[in-house]
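**Q** Here you go, one structure.
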Amino acid sequence: MQFTDRIWPKVKPLWESYLAHPFVKGMGDGSLPIEKFKHWLTQDYVYLVEYARLFAIGTEKATSLEMMQAYAKGLDGVLFVEMNLHREYCASFGLSEADLLATQPSAVNLAYTSYMLSQAQAGGVENVSAALLACSWSYSYIGRALAAIPGALEGDKYGSWIQMYAGDDFTQLNDDAMALMNRIAEGKADYELDQLEDIVLKTGYFEYLFWDMCWNQSTWPVGIPGLN
Ligand SMILES: Cc1ncc(C[n+]2csc(CCO)c2C)c(N)n1
């Protein structure tokens, strides 16, 4: 059985929980307040800078030229396809790239990227791919689910977001990430697959927390008495 089929029963309800979250629902029906979306945009931009490093780590740890090419393609995809969406949105809001880069990552954002990077550094390519997977798989799932809502792809606020994540380029990037994970996991013992599954689920839980953090527009500090 392929690794992604093995974890599907655990992953599906988690992906469904994102579709039920008011942030994601609001993008689907266009009702999401723009201030909350701007929070996602700025937090996500600094998230993607760290996420891109995972592909760089994978490129360095790759055990074949083909694998090295796959990670390098992923790195290119984040830096020049996905981040372009953010740059275009921010230009339409009058935000500069410097504004985006000046964003302080929130507690959840920092915890999420630190966890991914530590897992990627601590193991071989299997850890790198496991840490990358929830991110592309869940966004692809969300993009395609929102695209199926009548009128969502034409929405003036979030239509281009949905078009991008449901589109062919992005679907291909995610298919490549899933195929690479499955190839790497092939022949591994159950206890190793359990460890990889744990990384995918924990990054998946962080994805939920990230949507929630954007919905609440939270940063630092996190409710410490006496501090604002
Ligand atoms: C918090 C957060 N999680 C996932 C993604 C989606 N994403 C990030 S990199 C990548 C692979 C291809 O570029 C994908 C799909 C995001 N933007 N922000």
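By order of appearance in the structure tokens: chains A, B, ..., then residues from 1 within every chain, and ligands from 1 in the order shown.
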Let me see if you get this right: every residue at most 7 Å from ligand 1, counting only C-alpha atoms and all ligand atoms, written as a list of chain:residue names.
**A**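 Within the 7 Å cut-off, the matching residues are A:Asp44, A:Tyr47, A:Leu48, A:Tyr51, A:Gly74, A:Gly77, A:Val78, A:Val81, A:Glu82, A:Cys135, A:Ser136, A:Trp137, A:Tyr139, A:Ser140, A:Phe170, A:Leu173, A:Asn174, A:Glu207, A:Phe210.
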**Q** Check which residues of stretch 84-151 of chain A sit at most 10 Å from stretch 8-18 of chain A using only C-alpha atoms, and return one row each with the closest pair of atoms and their distance in Å to one decimal, ordered by chain and rising number, as a Markdown table.
**A**
| residue | atom | partner | partner_atom | distance |
| --- | --- | --- | --- | --- |
| A:Ala134 | CA | A:Val11 | CA | 8.7 |
| A:Trp137 | CA | A:Trp15 | CA | 8.9 |
| A:Ser138 | CA | A:Trp15 | CA | 6.0 |
| A:Tyr139 | CA | A:Trp15 | CA | 8.9 |
| A:Tyr141 | CA | A:Trp15 | CA | 7.3 |
| A:Ile142 | CA | A:Tyr18 | CA | 7.6 |
| A:Ala145 | CA | A:Glu16 | CA | 9.7 |
**Q** For the selection just defined, write its residues with N, CA and C atoms to a file, as a PDB file, in the first residue's frame.
**A**
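What ended up in result-v1.pdb:
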ATOM      1  N   ALA A 134       1.850  17.730   4.377  1.00  0.00           N
ATOM      2  CA  ALA A 134       0.525  18.215   4.793  1.00  0.00           C
ATOM      3  C   ALA A 134       0.220  19.559   4.142  1.00  0.00           C
ATOM      4  N   TRP A 137      -0.528  19.005   0.247  1.00  0.00           N
ATOM      5  CA  TRP A 137      -1.696  18.121   0.082  1.00  0.00           C
ATOM      6  C   TRP A 137      -2.969  18.819   0.566  1.00  0.00           C
ATOM      7  N   SER A 138      -2.903  19.451   1.752  1.00  0.00           N
ATOM      8  CA  SER A 138      -4.126  20.057   2.300  1.00  0.00           C
ATOM      9  C   SER A 138      -4.553  21.279   1.483  1.00  0.00           C
ATOM     10  N   TYR A 139      -3.596  22.079   0.998  1.00  0.00           N
ATOM     11  CA  TYR A 139      -3.991  23.250   0.196  1.00  0.00           C
ATOM     12  C   TYR A 139      -4.586  22.817  -1.139  1.00  0.00           C
ATOM     13  N   TYR A 141      -6.263  20.088  -1.570  1.00  0.00           N
ATOM     14  CA  TYR A 141      -7.598  19.590  -1.203  1.00  0.00           C
ATOM     15  C   TYR A 141      -8.570  20.766  -1.017  1.00  0.00           C
ATOM     16  N   ILE A 142      -8.098  21.779  -0.292  1.00  0.00           N
ATOM     17  CA  ILE A 142      -8.941  22.953  -0.043  1.00  0.00           C
ATOM     18  C   ILE A 142      -9.237  23.677  -1.360  1.00  0.00           C
ATOM     19  N   ALA A 145     -11.767  21.776  -3.360  1.00  0.00           N
ATOM     20  CA  ALA A 145     -13.097  21.795  -2.725  1.00  0.00           C
ATOM     21  C   ALA A 145     -13.760  23.168  -2.909  1.00  0.00           C
TER      22      ALA A 145
END
**Q** Taking only C-alpha atoms into account, name the residue in A:Gln163, A:Ser129, A:Gln217, A:Gln121 that is nearest to A:Leu196.
**A**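 The closest residue to A:Leu196 is A:Ser129.
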**Q** For atom CA of A:Leu132 and atom CA of A:Ala147, quote the distance in Å rounded to one decimal.
**A**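 That distance, rounded to one decimal, is 23.2 Å.
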**Q** Excluding same-chain residues fewer than 4 positions from A:Pro221, what lies within 12 Å of it counting only C-alpha atoms, as number ranges by chain?
**A** A: 104-108, 225-228
**Q** For the residues in the current selection, export N, CA and C atoms as a CSV table (one decimal), in the first residue's frame.
**A**
chain,number,residue,atom,x,y,z
A,104,GLN,N,6.5,40.0,11.6
A,104,GLN,CA,7.0,39.1,12.7
A,104,GLN,C,6.1,37.9,12.7
A,105,PRO,N,6.7,36.7,12.6
A,105,PRO,CA,5.9,35.5,12.6
A,105,PRO,C,5.2,35.3,14.0
A,106,SER,N,3.9,35.0,13.9
A,106,SER,CA,3.2,34.7,15.2
A,106,SER,C,3.7,33.5,15.9
A,107,ALA,N,3.2,33.3,17.1
A,107,ALA,CA,3.6,32.1,17.9
A,107,ALA,C,3.4,30.8,17.2
A,108,VAL,N,2.2,30.7,16.6
A,108,VAL,CA,1.8,29.4,15.9
A,108,VAL,C,2.7,29.3,14.6
A,225,PRO,N,-0.9,37.6,31.3
A,225,PRO,CA,-1.5,38.6,32.1
A,225,PRO,C,-0.5,39.8,32.3
A,226,GLY,N,-0.9,41.0,32.2
A,226,GLY,CA,-0.1,42.2,32.4
A,226,GLY,C,0.6,42.7,31.2
A,227,LEU,N,0.6,41.8,30.1
A,227,LEU,CA,1.2,42.3,28.8
A,227,LEU,C,0.1,42.4,27.8
A,228,ASN,N,0.2,43.3,26.9
A,228,ASN,CA,-0.8,43.4,25.9
A,228,ASN,C,-0.4,42.9,24.6
**Q** Write down as a VMD selection string the residues belonging to stretch 3-224 of chain A that are assigned helix (DSSP H, G or I) by DSSP computed on the backbone.
**A** chain A and resid 3 to 19 22 to 29 34 to 61 65 to 92 97 to 101 107 to 122 125 to 147 152 to 154 159 to 166 168 to 185 190 to 216
**Q** Extract, using only C-alpha atoms, all DNA, RNA and protein residues at most 9 Å from A:Asp29, discarding same-chain residues fewer than 3 positions from it, and format them as a list in words.
**A**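 Result of the neighbour search: Val24, Lys25, Gly26, Leu32, Leu146, Ile149, Gly151, Ala152, Gly155 and Tyr158 of chain A.
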**Q** Taking 4 positions as the minimum chain separation for residues in the same chain, which residues sit within 12 Å of A:Ser92 when counting only C-alpha atoms? Answer as a PyMOL selection string.
**A** chain A and resi 34+38+41+85-88+96-97+156-157
**Q** If you count only C-alpha atoms, which residues fall within 9 Å of A:Gly124, apart from same-chain ones fewer than 3 positions away, as an NGL selection string?
**A** :A and (58 or 61-62 or 120-121 or 127-128)
**Q** Would you kindly return, as a ChimeraX atom specification, each protein, DNA or RNA residue with an atom no farther than 12 Å from any atom of A:Asp212, considering only C-alpha atoms and excluding same-chain residues fewer than 6 positions away?
**A** /A:17-18,20-24,36-37,39-40,106,108-109,205-206,218-219
**Q** When you count only C-alpha atoms, which of these residues is closest to A:Gln195: A:Gln119, A:Leu180, A:Met68, A:Gln2?
**A**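 Going through A:Gln119, A:Leu180, A:Met68, A:Gln2 one by one, the smallest distance to A:Gln195 is for A:Gln119.
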**Q** Can you tell me how far atom CA of A:Arg183 sits from atom CA of A:Ala56, in Å to one decimal?
**A** 18.9 Å
**Q** Between A:Trp211, A:Thr113, A:Met27, A:Glu60, which residue has the minimum interatomic distance to A:Gly143, considering only C-alpha atoms?
**A**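 The closest residue to A:Gly143 is A:Met27.
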**Q** Quote the spacing between atom CA of A:Ile224 and atom CA of A:Leu101 in Å to one decimal place.
**A**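 So the answer is 26.2 Å.
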